[in-house]
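K.L.:
Below you'll find the structure I mean.
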Amino acid sequence: MVAQSTRQRVLNAAQQLGYQPNVLARSLRQGETRTIGVVVTDILNPFHATLAKGIQDAADRHGYVAFLFNSDEEPAKERRALETLRGHLPQGLILVPTSGAREHLKAMPDLPVVELDRVTGNPDATTVTTDNAGGGTAATRHLIDLGHTRIGMIVGQQDISTATQRHDAYRAALETAGLTYDPALVLPGNHREDDGYRAAMRLLSLPPDRRPTALFVGNNEMTVGAVLAARALNLHIPADLSIVGFDDSRWAQTMTPPLTVVAQPAYDLGVQACEQLLRLLHHTGARTPARVQLPTTLIIRHSTGPPGQPRTSASSRDPARPATSSHPPVTPSAGPPRA
């Protein structure tokens, strides 16, 4: 036993010298690091930032530290992130996968992993996702119910599960309504604002009899690009073009007009992913994979309306709808350079 006075003198000296204990060494001695790895694909996307916030809050409540990495939708960056994480000896991993994730995870066969938002197709994986098919169906049906028959879609990468599920739901909803699926009205936006802008410019520059009267856009970054393209072409939303985006955000609620969206419970997804990972960590015996799916919600605002509706005069315009004066051409931000 150490005398209380001696203990206090040691603590005071340590504080004056700025001593910090080696947390990793102490964790190794105790047999656990109480750290988890988190890899998202685009930290600048509000959806992914909110996922990370949910994970971190849940981890903190349970006394764990989350190491966050960003893969920029690039498999090579994801692989480097996982290699770096291995050096920190995490007890588990929460991963928003790129197309290369299933191969990358083979190098970490004993690490508990939760696949978040997207899935790799590994039947033994624990996954936390949303109802992408239901959200895609609701968005497309909403546009069909408004009377649109030429509905375009800007899709994400078709080797990513969320993108394929939303696209498949869009196609099925069209066919169920007796509308022809037209591949010429579906263009890739690769989950990026600038690619979404270019895809929208191509679709909205088609001749009037072929141009879509409505767009369903597969994520919020691509939706920003689509809105900027419509403004650059002096198309008024929703008089000339209806838009539904996938993912809600503050900008979607406050833009003019406010955007109709398929909302995902991003924060709850992050929390659920962390809780599922901790379940795997604390479970003794064989690990049983779980499939957690949270619902999506169609939120109808002012960016959708019947096709060809007349523009309102300035005196009678709904203040939530856009002004009839033209917007100056706007080009999308290129975002940070990719390494």
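How things are named: the first chain in the structure tokens is A, the next is B, and so on; residues count from 1 in each chain; ligands count from 1 in the order shown.
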Excluding same-chain residues fewer than 5 positions from stretch 127-142 of chain A, what lies within 6 Å of it counting only C-alpha atoms, as JSON, numbers by chain?
P.N.:
{"A": [114, 115, 116, 117, 165, 166, 169, 170, 173, 262, 273, 291, 292, 293, 294, 295, 296]}
K.L.:
Which of stretch 169-201 of chain A counts as alpha helix (DSSP H) under DSSP, as a list in words please?
P.N.:
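Secondary structure check on stretch 169-201 of chain A, alpha helix (DSSP H): Ala169, Tyr170, Arg171, Ala172, Ala173, Leu174, Glu175, Thr176, Glu193, Asp194, Asp195, Gly196, Tyr197, Arg198, Ala199, Ala200 and Met201 of chain A.
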K.L.:
Can you work out which one of A:Thr50, A:Thr35, A:Asn45, A:Gln56 has the shortest atom-to-atom distance to A:Cys274, counting only C-alpha atoms?
P.N.:
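Nearest to A:Cys274: A:Gln56.
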K.L.:
Can you list, as a ChimeraX atom specification, every protein, DNA or RNA residue that comes within 8 Å of A:Ala81 when you count only C-alpha atoms, leaving out same-chain residues fewer than 5 positions away?
P.N.:
/A:39,69-71
